[in-house]
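First up is the structure itself, then whatever we jot down about it.
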4 protein chains.
Amino acid sequence: MNKRKFLRQAGAASVAAGLVLASRSSEAQAPAADTKVLIVYHSVTGNTEKMAQGVAEGATGVSGISILVKKVGEVTGQDLLACDALIVGSPIYFANMAGEVKTFFDSWAFKFHFPFDDLKMRNKVGAAFVTGASVSNGKETTMQSIHAAMLINQMGVVSGGGAFGASATTGPDSPGVDENELAAARALGKRVAEFAAMIKRGSKA
Amino acid sequence: MNKRKFLRQAGAASVAAGLVLASRSSEAQAPAADTKVLIVYHSVTGNTEKMAQGVAEGATGVSGISILVKKVGEVTGQDLLACDALIVGSPIYFANMAGEVKTFFDSWAFKFHFPFDDLKMRNKVGAAFVTGASVSNGKETTMQSIHAAMLINQMGVVSGGGAFGASATTGPDSPGVDENELAAARALGKRVAEFAAMIKRGSKA
Amino acid sequence: MNKRKFLRQAGAASVAAGLVLASRSSEAQAPAADTKVLIVYHSVTGNTEKMAQGVAEGATGVSGISILVKKVGEVTGQDLLACDALIVGSPIYFANMAGEVKTFFDSWAFKFHFPFDDLKMRNKVGAAFVTGASVSNGKETTMQSIHAAMLINQMGVVSGGGAFGASATTGPDSPGVDENELAAARALGKRVAEFAAMIKRGSKA
Amino acid sequence: MNKRKFLRQAGAASVAAGLVLASRSSEAQAPAADTKVLIVYHSVTGNTEKMAQGVAEGATGVSGISILVKKVGEVTGQDLLACDALIVGSPIYFANMAGEVKTFFDSWAFKFHFPFDDLKMRNKVGAAFVTGASVSNGKETTMQSIHAAMLINQMGVVSGGGAFGASATTGPDSPGVDENELAAARALGKRVAEFAAMIKRGSKA
């Protein structure tokens with residue numbers, strides 16, 4: 001089974017259990033600090049899930065990265081606290097993240113009870129990816145709204161695979177997630193993993 | 001009982017039943033076309049509800065306006081179709097509307113089943129008001145996100161009581177909704193009612 | 001010469017002189033109030049100018065509309081005061097309007113000396129169109145930034161031809177303005193002209 | 001002369017010459033990698049300049065940081081290439097950065113001729129601060145627009161001193177920059193310097 005296929009199947013499994021992947025770290029040099037990338041998404045039609053898998057694929061190519069992929073409702077407070085980078089994916093509804101994804105962010109306060117002043121997500125890396133029916137129907141505003149939730153918690157926000165993050169047009173004019181869009185997802189995963197690994201090293205130096 | 005007090009009590013009643021107010025239309029001249037303003041909000045602490053009441057007060061001062069105030073979960077598809085203007089209020093969570101308000105917008109498609117291409121809210125007037133703990137913690141981005149949901153449905157968006165809409169700072173540095181903030185809420189209600197009445201007249205001319 | 005060709009040539013002439021078009025108003029019924037649509041743009045490569053011409057074409061199809069197309073540096077304070085609707089087009093530089101277009105908005109205060117509290121643009125209709133190299137490189141954020149400048153002046157903002165306005169992707173993957181994108185520009189022009197005409201009628205009723 | 005006073009005077013001098021400050025690095029342990037923070041601003045009334053000085057003060061408190069403060073028109077391409085962090089300050093005009101600041105960003109392409117695909121600012125840290133006449137007149141949207149220009153160039157964006165960055169209300173209701181607002185500016189400078197130093201260490205590890 002090739003890695004791509006595995007990821008797709010694992011992605012399906014991630015609904016209930018979360019998917020943990022460890023990238024190879026077989027370099028001759030000393031291993032980099034273990035950097036944890038948490039990929040969280042909501043998906044109804046499977047398009048955003050497919051993008052999530054692309055992001056995971058991109059991150060696995062970076063040395064010393066472990067990856068956890070979870071549906072938005074399955075994430076625990078401990079998952080958030082443990083990660084070094086958080087990448088959030090959402091379909092676009094009404095030029096904004098899905099209600100389920102908004103409720104996920106709200107849950108940091110209302111369900112996980114992170115005291116806001118503790119800034120528990122501080123200095124973790126944040127990024128976004130989205131899927132939407134047409135070209136300019138809220139991709140950027142949705143990624144910005146994900147970024148805003150991250151910035152307010154003093155995370156460090158990066159783009160990748162696009163000006164604001166990775167995105168896919170999935171409506172009638174361009175159904176599903178095509179290879180270019182998957183490449184953007186992988187570029188985002190790689191970019192976030194590399195940036196987070198750099199910060200992890202810097203925080204320990 | 002003065003009007004202000006009545007509105008406050010009526011606001012509390014609106015949780016279950018919706019609050020309908022008809023402004024006086026006793027001008028000597030022929031009455032303006034009846035213009036319906038729907039005010040929708042989510043409130044946990046009561047601050048956003050207080051702002052909703054201020055918005056309603058402002059709109060009642062405009063001739064020929066009927067007003068319906070409802071909590072976000074109580075709104076029906078029929079309420080939306082019947083209104084000429086929709087003013088949405090939200091507390092700010094993570095620099096964006098509350099999950100409950102996002103879910104309200106999503107419900108246009110997922111619960112009320114408005115076919116997107118019908119643009120059933122087209123040419124209705126839209127506006128926003130928000131409450132948040134500190135000065136620049138997402139007031140503007142939250143109002144913009146409400147506007148975006150309206151623009152994508154081809155509503156006509158206006159501000160009032162502030163550059164993007166009415167807002168109140170309710171955190172420790174400035175607890176609750178103060179008189180200046182209520183005045184902004186009233187200015188928004190008045191502005192939206194006047195603009196909607198003008199469009200209503202124009203659409204019938 | 002067909003209308004389309006004329007508009008394209010007239011567009012070129014508009015650099016120096018401004019282009020004024022009057023749409024036919026030959027309906028049997030009483031003519032609608034004359035509604036003035038001002039289309040303002042910045043263009044280096046000609047793509048945004050082409051979109052401006054599409055917007056103008058769309059507006060000319062609406063009865064009782066006069067149209068003025070001007071480059072951003074040629075607009076006078078009187079042009080702004082006289083219009084009923086203002087549609088601003090910009091190429092996207094760094095996920096925002098071009099410096100020239102920003103300077104145009106700033107000129108309302110610094111060159112035309114509109115006292116802000118006079119809200120001289122109040123209740124005029126505002127809309128935006130943009131061109132950019134790739135799909136999600138700031139189209140939405142640029143249109144939002146144009147909207148924000150309009151909202152703060154209490155204009156009424158509408159979309160058309162897209163969720164936020166009309167846009168064209170003009171980079172290597174999709175060079176120039178294609179027919180679909182021109183159709184979006186025309187849809188925006190038509191939408192704004194109709195909305196502005198309705199407000200004009202309502203304001204006189 | 002105390003440091004605060006020196007900074008204020010130096011700030012005035014920075015108009016023509018740029019202000020370079022080196023923070024003390026007298027720790028017993030090996031000195032941190034030298035991290036360069038570039039603070040760029042536009043100011044007409046002096047308010048944004050005062051905030052720039054506050055940001056500089058905050059950054060000087062961090063070990064191993066050198067600081068360069070420049071007016072927006074004085075920045076060279078070399079300044080940009082040399083810095084590890086870029087903090088941009090703007091007054092708010094029409095809910096967006098000043099035309100001068102927008103022109104500064106545009107100059108990366110049009111004057112400094114950075115080839116976009118080279119991503120020459122990649123992984124440098126970016127942040128924003130703003131001053132505006134009233135509370136919610138575009139502070140957040142202006143900081144977001146600065147962030148967007150940075151994200152599109154693959155910089156890593158952080159907040160500090162506020163949800164999106166440091167801001168000051170300088171209009172009639174709250175004239176000038178007060179002590180709380182200066183404290184926010186200092187918090188931003190400190191935060192950016194620390195984050196940039198961490199990345200610098202990580203990039204060399």
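The way I read the labels, and the way they are meant: chains A, B, ... in the order of the structure tokens, residue 1 as the first residue of every chain, and ligand 1 as the first ligand shown, with later ones counted on from there.
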Could you give me, as JSON lines, a per-residue list for chain A showing, wherever an atom lies at most 8 Å from an atom of chain D, the closest pair of atoms and their distance in Å to one decimal, using only C-alpha atoms and sorting by chain then residue number from low to high?
{"residue": "A:Asn123", "atom": "CA", "partner": "D:Phe195", "partner_atom": "CA", "distance": 7.6}
{"residue": "A:Ala148", "atom": "CA", "partner": "D:Phe164", "partner_atom": "CA", "distance": 7.5}
{"residue": "A:Leu151", "atom": "CA", "partner": "D:Ser159", "partner_atom": "CA", "distance": 5.7}
{"residue": "A:Ile152", "atom": "CA", "partner": "D:Ala163", "partner_atom": "CA", "distance": 4.3}
{"residue": "A:Asn153", "atom": "CA", "partner": "D:Ala163", "partner_atom": "CA", "distance": 7.6}
{"residue": "A:Gln154", "atom": "CA", "partner": "D:Ser159", "partner_atom": "CA", "distance": 6.0}
{"residue": "A:Met155", "atom": "CA", "partner": "D:Val158", "partner_atom": "CA", "distance": 6.7}
{"residue": "A:Gly156", "atom": "CA", "partner": "D:Val158", "partner_atom": "CA", "distance": 5.0}
{"residue": "A:Val157", "atom": "CA", "partner": "D:Val157", "partner_atom": "CA", "distance": 5.0}
{"residue": "A:Val158", "atom": "CA", "partner": "D:Gly156", "partner_atom": "CA", "distance": 5.0}
{"residue": "A:Ser159", "atom": "CA", "partner": "D:Leu151", "partner_atom": "CA", "distance": 5.7}
{"residue": "A:Gly160", "atom": "CA", "partner": "D:Gln154", "partner_atom": "CA", "distance": 7.0}
{"residue": "A:Gly162", "atom": "CA", "partner": "D:Ile152", "partner_atom": "CA", "distance": 7.6}
{"residue": "A:Ala163", "atom": "CA", "partner": "D:Ile152", "partner_atom": "CA", "distance": 4.3}
{"residue": "A:Phe164", "atom": "CA", "partner": "D:Leu151", "partner_atom": "CA", "distance": 6.3}
{"residue": "A:Phe195", "atom": "CA", "partner": "D:Asn123", "partner_atom": "CA", "distance": 7.6}
{"residue": "A:Ala197", "atom": "CA", "partner": "D:Gly202", "partner_atom": "CA", "distance": 7.9}
{"residue": "A:Met198", "atom": "CA", "partner": "D:Gly202", "partner_atom": "CA", "distance": 4.6}
{"residue": "A:Ile199", "atom": "CA", "partner": "D:Ile199", "partner_atom": "CA", "distance": 5.3}
{"residue": "A:Lys200", "atom": "CA", "partner": "D:Gly202", "partner_atom": "CA", "distance": 7.0}
{"residue": "A:Arg201", "atom": "CA", "partner": "D:Gly202", "partner_atom": "CA", "distance": 4.6}
{"residue": "A:Gly202", "atom": "CA", "partner": "D:Gly202", "partner_atom": "CA", "distance": 3.5}
{"residue": "A:Ser203", "atom": "CA", "partner": "D:Met198", "partner_atom": "CA", "distance": 5.7}
{"residue": "A:Ala205", "atom": "CA", "partner": "D:Arg201", "partner_atom": "CA", "distance": 6.5}
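The protein and nucleic acid residues lying at most 8 Å from Asn96 in chain A are Ile92, Tyr93, Gly138, Lys139, Thr141, Thr142 and Ser145 of chain A; Ser145, Ala148 and Ala149 of chain B, with only C-alpha atoms considered and sequence neighbours fewer than 3 positions away removed.
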With N, CA, C and O atoms retained, export the selected residues as a PDB file, in the first residue's frame.
ATOM      1  N   ILE A  92     -16.296  26.330   3.760  1.00  0.00           N
ATOM      2  CA  ILE A  92     -16.732  27.724   3.885  1.00  0.00           C
ATOM      3  C   ILE A  92     -18.248  27.772   3.819  1.00  0.00           C
ATOM      4  O   ILE A  92     -18.851  27.346   2.838  1.00  0.00           O
ATOM      5  N   TYR A  93     -18.847  28.239   4.886  1.00  0.00           N
ATOM      6  CA  TYR A  93     -20.285  28.492   4.890  1.00  0.00           C
ATOM      7  C   TYR A  93     -20.478  29.976   5.150  1.00  0.00           C
ATOM      8  O   TYR A  93     -20.062  30.475   6.195  1.00  0.00           O
ATOM      9  N   GLY A 138     -15.310  33.487  -0.003  1.00  0.00           N
ATOM     10  CA  GLY A 138     -15.022  33.548   1.414  1.00  0.00           C
ATOM     11  C   GLY A 138     -13.807  32.733   1.829  1.00  0.00           C
ATOM     12  O   GLY A 138     -13.579  32.556   3.020  1.00  0.00           O
ATOM     13  N   LYS A 139     -13.023  32.260   0.879  1.00  0.00           N
ATOM     14  CA  LYS A 139     -11.815  31.496   1.234  1.00  0.00           C
ATOM     15  C   LYS A 139     -10.899  32.323   2.125  1.00  0.00           C
ATOM     16  O   LYS A 139     -10.446  31.877   3.171  1.00  0.00           O
ATOM     17  N   THR A 141     -11.489  35.224   3.712  1.00  0.00           N
ATOM     18  CA  THR A 141     -12.074  35.714   4.962  1.00  0.00           C
ATOM     19  C   THR A 141     -12.165  34.579   5.982  1.00  0.00           C
ATOM     20  O   THR A 141     -12.011  34.811   7.179  1.00  0.00           O
ATOM     21  N   THR A 142     -12.395  33.354   5.496  1.00  0.00           N
ATOM     22  CA  THR A 142     -12.460  32.223   6.421  1.00  0.00           C
ATOM     23  C   THR A 142     -11.079  31.911   6.992  1.00  0.00           C
ATOM     24  O   THR A 142     -10.935  31.686   8.204  1.00  0.00           O
ATOM     25  N   SER A 145     -10.316  34.457   9.511  1.00  0.00           N
ATOM     26  CA  SER A 145     -11.047  34.293  10.777  1.00  0.00           C
ATOM     27  C   SER A 145     -10.403  33.196  11.625  1.00  0.00           C
ATOM     28  O   SER A 145     -10.383  33.294  12.854  1.00  0.00           O
TER      29      SER A 145
ATOM     30  N   SER B 145     -17.475  39.832   9.625  1.00  0.00           N
ATOM     31  CA  SER B 145     -17.880  38.452   9.313  1.00  0.00           C
ATOM     32  C   SER B 145     -19.401  38.363   9.195  1.00  0.00           C
ATOM     33  O   SER B 145     -19.919  37.585   8.385  1.00  0.00           O
ATOM     34  N   ALA B 148     -20.129  39.856   5.816  1.00  0.00           N
ATOM     35  CA  ALA B 148     -19.761  38.953   4.718  1.00  0.00           C
ATOM     36  C   ALA B 148     -20.883  37.958   4.452  1.00  0.00           C
ATOM     37  O   ALA B 148     -21.224  37.680   3.302  1.00  0.00           O
ATOM     38  N   ALA B 149     -21.468  37.434   5.528  1.00  0.00           N
ATOM     39  CA  ALA B 149     -22.574  36.487   5.365  1.00  0.00           C
ATOM     40  C   ALA B 149     -23.763  37.162   4.683  1.00  0.00           C
ATOM     41  O   ALA B 149     -24.514  36.529   3.934  1.00  0.00           O
TER      42      ALA B 149
END
Give the alpha helix (DSSP H) residues of range 50-173 of chain C, as assigned by DSSP on the backbone, as a ChimeraX atom specification. /C:50-60,77-82,99-110,139-151
Suppose we keep N, CA and C atoms; can you now write the selection as a compact mmCIF listing (two decimals), in the first residue's frame?
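Output saved as again02.txt:
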# COMPACT_ATOMS: atom_id res chain seq x y z
N LYS C 50 -10.20 46.80 -18.17
CA LYS C 50 -11.12 45.94 -18.91
C LYS C 50 -12.31 45.56 -18.03
N MET C 51 -12.03 45.25 -16.78
CA MET C 51 -13.12 44.95 -15.84
C MET C 51 -14.00 46.19 -15.63
N ALA C 52 -13.38 47.37 -15.56
CA ALA C 52 -14.14 48.61 -15.39
C ALA C 52 -15.11 48.79 -16.56
N GLN C 53 -14.64 48.43 -17.75
CA GLN C 53 -15.52 48.55 -18.92
C GLN C 53 -16.67 47.56 -18.85
N GLY C 54 -16.38 46.36 -18.33
CA GLY C 54 -17.44 45.38 -18.13
C GLY C 54 -18.48 45.87 -17.13
N VAL C 55 -18.02 46.48 -16.06
CA VAL C 55 -18.94 47.04 -15.06
C VAL C 55 -19.81 48.11 -15.71
N ALA C 56 -19.17 48.97 -16.52
CA ALA C 56 -19.92 50.03 -17.21
C ALA C 56 -20.97 49.44 -18.15
N GLU C 57 -20.59 48.42 -18.89
CA GLU C 57 -21.54 47.76 -19.79
C GLU C 57 -22.75 47.25 -19.03
N GLY C 58 -22.49 46.61 -17.89
CA GLY C 58 -23.59 46.06 -17.09
C GLY C 58 -24.54 47.15 -16.62
N ALA C 59 -23.97 48.29 -16.23
CA ALA C 59 -24.79 49.38 -15.71
C ALA C 59 -25.60 50.06 -16.82
N THR C 60 -25.04 50.10 -18.04
CA THR C 60 -25.76 50.79 -19.13
C THR C 60 -27.04 50.06 -19.50
N GLY C 77 -13.57 65.92 -6.35
CA GLY C 77 -14.53 65.90 -5.24
C GLY C 77 -15.95 66.05 -5.76
N GLN C 78 -16.12 66.86 -6.80
CA GLN C 78 -17.44 67.07 -7.38
C GLN C 78 -18.01 65.78 -7.97
N ASP C 79 -17.13 64.99 -8.60
CA ASP C 79 -17.57 63.68 -9.13
C ASP C 79 -18.17 62.83 -8.01
N LEU C 80 -17.48 62.82 -6.89
CA LEU C 80 -17.92 62.01 -5.76
C LEU C 80 -19.26 62.52 -5.21
N LEU C 81 -19.35 63.83 -5.06
CA LEU C 81 -20.58 64.41 -4.50
C LEU C 81 -21.77 64.19 -5.42
N ALA C 82 -21.51 64.20 -6.73
CA ALA C 82 -22.62 64.10 -7.70
C ALA C 82 -23.14 62.69 -7.89
N GLY C 99 -1.59 51.12 -3.80
CA GLY C 99 -1.31 52.38 -3.11
C GLY C 99 -2.05 53.55 -3.76
N GLU C 100 -2.16 53.54 -5.07
CA GLU C 100 -2.86 54.63 -5.78
C GLU C 100 -4.33 54.69 -5.38
N VAL C 101 -4.95 53.53 -5.19
CA VAL C 101 -6.36 53.51 -4.82
C VAL C 101 -6.53 53.92 -3.37
N LYS C 102 -5.59 53.46 -2.53
CA LYS C 102 -5.64 53.89 -1.12
C LYS C 102 -5.50 55.40 -1.04
N THR C 103 -4.58 55.94 -1.82
CA THR C 103 -4.37 57.38 -1.84
C THR C 103 -5.63 58.11 -2.31
N PHE C 104 -6.37 57.49 -3.24
CA PHE C 104 -7.65 58.06 -3.68
C PHE C 104 -8.63 58.18 -2.51
N PHE C 105 -8.74 57.11 -1.73
CA PHE C 105 -9.65 57.20 -0.57
C PHE C 105 -9.14 58.26 0.42
N ASP C 106 -7.83 58.24 0.70
CA ASP C 106 -7.27 59.23 1.62
C ASP C 106 -7.56 60.65 1.13
N SER C 107 -7.62 60.83 -0.19
CA SER C 107 -7.80 62.17 -0.76
C SER C 107 -9.17 62.76 -0.41
N TRP C 108 -10.13 61.90 -0.06
CA TRP C 108 -11.43 62.45 0.36
C TRP C 108 -11.23 63.43 1.51
N ALA C 109 -10.32 63.06 2.41
CA ALA C 109 -10.04 63.94 3.55
C ALA C 109 -8.94 64.95 3.22
N PHE C 110 -7.86 64.49 2.59
CA PHE C 110 -6.65 65.30 2.51
C PHE C 110 -6.61 66.21 1.30
N LYS C 139 -8.06 38.76 -3.13
CA LYS C 139 -9.24 39.33 -3.78
C LYS C 139 -10.27 39.77 -2.76
N GLU C 140 -10.58 38.85 -1.85
CA GLU C 140 -11.65 39.15 -0.88
C GLU C 140 -11.22 40.23 0.10
N THR C 141 -9.97 40.12 0.56
CA THR C 141 -9.52 41.11 1.54
C THR C 141 -9.44 42.50 0.90
N THR C 142 -9.11 42.54 -0.38
CA THR C 142 -9.05 43.83 -1.06
C THR C 142 -10.46 44.41 -1.23
N MET C 143 -11.41 43.57 -1.62
CA MET C 143 -12.78 44.07 -1.75
C MET C 143 -13.32 44.49 -0.38
N GLN C 144 -12.99 43.73 0.65
CA GLN C 144 -13.41 44.12 2.00
C GLN C 144 -12.81 45.45 2.41
N SER C 145 -11.56 45.69 2.01
CA SER C 145 -10.92 46.95 2.40
C SER C 145 -11.57 48.13 1.67
N ILE C 146 -12.01 47.89 0.45
CA ILE C 146 -12.75 48.95 -0.27
C ILE C 146 -14.11 49.16 0.41
N HIS C 147 -14.77 48.06 0.75
CA HIS C 147 -16.05 48.17 1.46
C HIS C 147 -15.90 48.92 2.78
N ALA C 148 -14.82 48.63 3.50
CA ALA C 148 -14.63 49.26 4.81
C ALA C 148 -14.55 50.78 4.68
N ALA C 149 -13.81 51.23 3.65
CA ALA C 149 -13.69 52.68 3.43
C ALA C 149 -15.06 53.28 3.12
N MET C 150 -15.92 52.51 2.50
CA MET C 150 -17.26 52.98 2.15
C MET C 150 -18.19 52.96 3.36
N LEU C 151 -18.13 51.88 4.13
CA LEU C 151 -19.01 51.74 5.30
C LEU C 151 -18.73 52.84 6.32
Neighbour list for His42 in chain C as a PyMOL selection string, cut-off 9 Å, only C-alpha atoms, skip fewer than 6 positions in-chain: chain C and resi 48-49+70-73+88-91+98+100-101
Write the residues you've just listed into a file as a tab-separated table (two decimals), in the first residue's frame, and include all heavy atoms for each of them.
chain	number	residue	atom	x	y	z
C	48	THR	N	-7.56	45.64	-15.07
C	48	THR	CA	-8.57	46.27	-14.23
C	48	THR	C	-9.40	47.25	-15.06
C	48	THR	O	-10.61	47.41	-14.84
C	48	THR	CB	-7.93	46.97	-13.01
C	48	THR	OG1	-7.03	46.06	-12.38
C	48	THR	CG2	-8.98	47.40	-12.00
C	49	GLU	N	-8.79	47.89	-16.05
C	49	GLU	CA	-9.54	48.77	-16.96
C	49	GLU	C	-10.58	47.98	-17.75
C	49	GLU	O	-11.71	48.43	-17.94
C	49	GLU	CB	-8.58	49.47	-17.91
C	49	GLU	CG	-9.24	50.44	-18.85
C	49	GLU	CD	-8.23	51.35	-19.53
C	49	GLU	OE1	-7.70	50.97	-20.58
C	49	GLU	OE2	-7.97	52.45	-18.99
C	70	LYS	N	-13.72	56.79	-14.64
C	70	LYS	CA	-12.51	57.60	-14.51
C	70	LYS	C	-11.37	56.82	-13.87
C	70	LYS	O	-11.59	55.99	-13.00
C	70	LYS	CB	-12.81	58.84	-13.64
C	70	LYS	CG	-13.49	59.98	-14.38
C	70	LYS	CD	-13.26	61.29	-13.65
C	70	LYS	CE	-13.67	62.50	-14.48
C	70	LYS	NZ	-13.45	63.76	-13.73
C	71	LYS	N	-10.17	57.13	-14.30
C	71	LYS	CA	-8.99	56.64	-13.59
C	71	LYS	C	-8.93	57.31	-12.22
C	71	LYS	O	-9.38	58.45	-12.05
C	71	LYS	CB	-7.72	56.95	-14.38
C	71	LYS	CG	-7.60	56.11	-15.64
C	71	LYS	CD	-6.19	55.56	-15.78
C	71	LYS	CE	-6.16	54.50	-16.87
C	71	LYS	NZ	-4.85	53.85	-16.99
C	72	VAL	N	-8.38	56.60	-11.29
C	72	VAL	CA	-8.42	56.98	-9.89
C	72	VAL	C	-7.83	58.38	-9.63
C	72	VAL	O	-8.31	59.13	-8.78
C	72	VAL	CB	-7.72	55.86	-9.07
C	72	VAL	CG1	-6.24	56.09	-8.96
C	72	VAL	CG2	-8.39	55.62	-7.77
C	73	GLY	N	-6.83	58.73	-10.39
C	73	GLY	CA	-6.18	60.03	-10.16
C	73	GLY	C	-6.91	61.20	-10.80
C	73	GLY	O	-6.57	62.35	-10.57
C	88	VAL	N	-15.48	50.94	-7.15
C	88	VAL	CA	-14.04	51.13	-7.17
C	88	VAL	C	-13.34	49.83	-7.54
C	88	VAL	O	-13.61	48.77	-6.96
C	88	VAL	CB	-13.54	51.63	-5.80
C	88	VAL	CG1	-12.01	51.71	-5.77
C	88	VAL	CG2	-14.13	53.01	-5.49
C	89	GLY	N	-12.45	49.92	-8.53
C	89	GLY	CA	-11.70	48.74	-8.97
C	89	GLY	C	-10.21	48.91	-8.77
C	89	GLY	O	-9.66	49.98	-9.01
C	90	SER	N	-9.57	47.84	-8.33
C	90	SER	CA	-8.13	47.90	-8.05
C	90	SER	C	-7.46	46.59	-8.41
C	90	SER	O	-8.04	45.52	-8.21
C	90	SER	CB	-7.90	48.17	-6.55
C	90	SER	OG	-6.52	48.24	-6.26
C	91	PRO	N	-6.24	46.67	-8.90
C	91	PRO	CA	-5.41	45.46	-8.90
C	91	PRO	C	-5.05	45.15	-7.45
C	91	PRO	O	-5.12	46.04	-6.59
C	91	PRO	CB	-4.18	45.88	-9.69
C	91	PRO	CG	-4.12	47.36	-9.58
C	91	PRO	CD	-5.52	47.85	-9.39
C	98	ALA	N	-4.23	48.76	-4.43
C	98	ALA	CA	-3.00	49.44	-4.83
C	98	ALA	C	-2.83	50.73	-4.03
C	98	ALA	O	-3.82	51.37	-3.64
C	98	ALA	CB	-3.05	49.76	-6.32
C	100	GLU	N	-2.16	53.54	-5.07
C	100	GLU	CA	-2.86	54.63	-5.78
C	100	GLU	C	-4.33	54.69	-5.38
C	100	GLU	O	-4.91	55.77	-5.30
C	100	GLU	CB	-2.75	54.43	-7.30
C	100	GLU	CG	-1.39	54.71	-7.89
C	100	GLU	CD	-0.43	53.53	-7.78
C	100	GLU	OE1	-0.79	52.52	-7.12
C	100	GLU	OE2	0.67	53.62	-8.34
C	101	VAL	N	-4.95	53.53	-5.19
C	101	VAL	CA	-6.36	53.51	-4.82
C	101	VAL	C	-6.53	53.92	-3.37
C	101	VAL	O	-7.45	54.64	-3.01
C	101	VAL	CB	-6.98	52.12	-5.10
C	101	VAL	CG1	-8.45	52.09	-4.71
C	101	VAL	CG2	-6.82	51.76	-6.58
So how many Å separate CA of Leu182 in chain A and CA of Ala128 in chain A, to one decimal? 14.1 Å
Secondary structure check, strand (DSSP E or B) residues of range 35-171 of chain B, as a PyMOL selection string: chain B and resi 35-41+65-71+85-93+96-97+125-132+156-157+166-169
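Interatomic distance, CA of His113 in chain A to CA of Ser134 in chain B: 19.4 Å.
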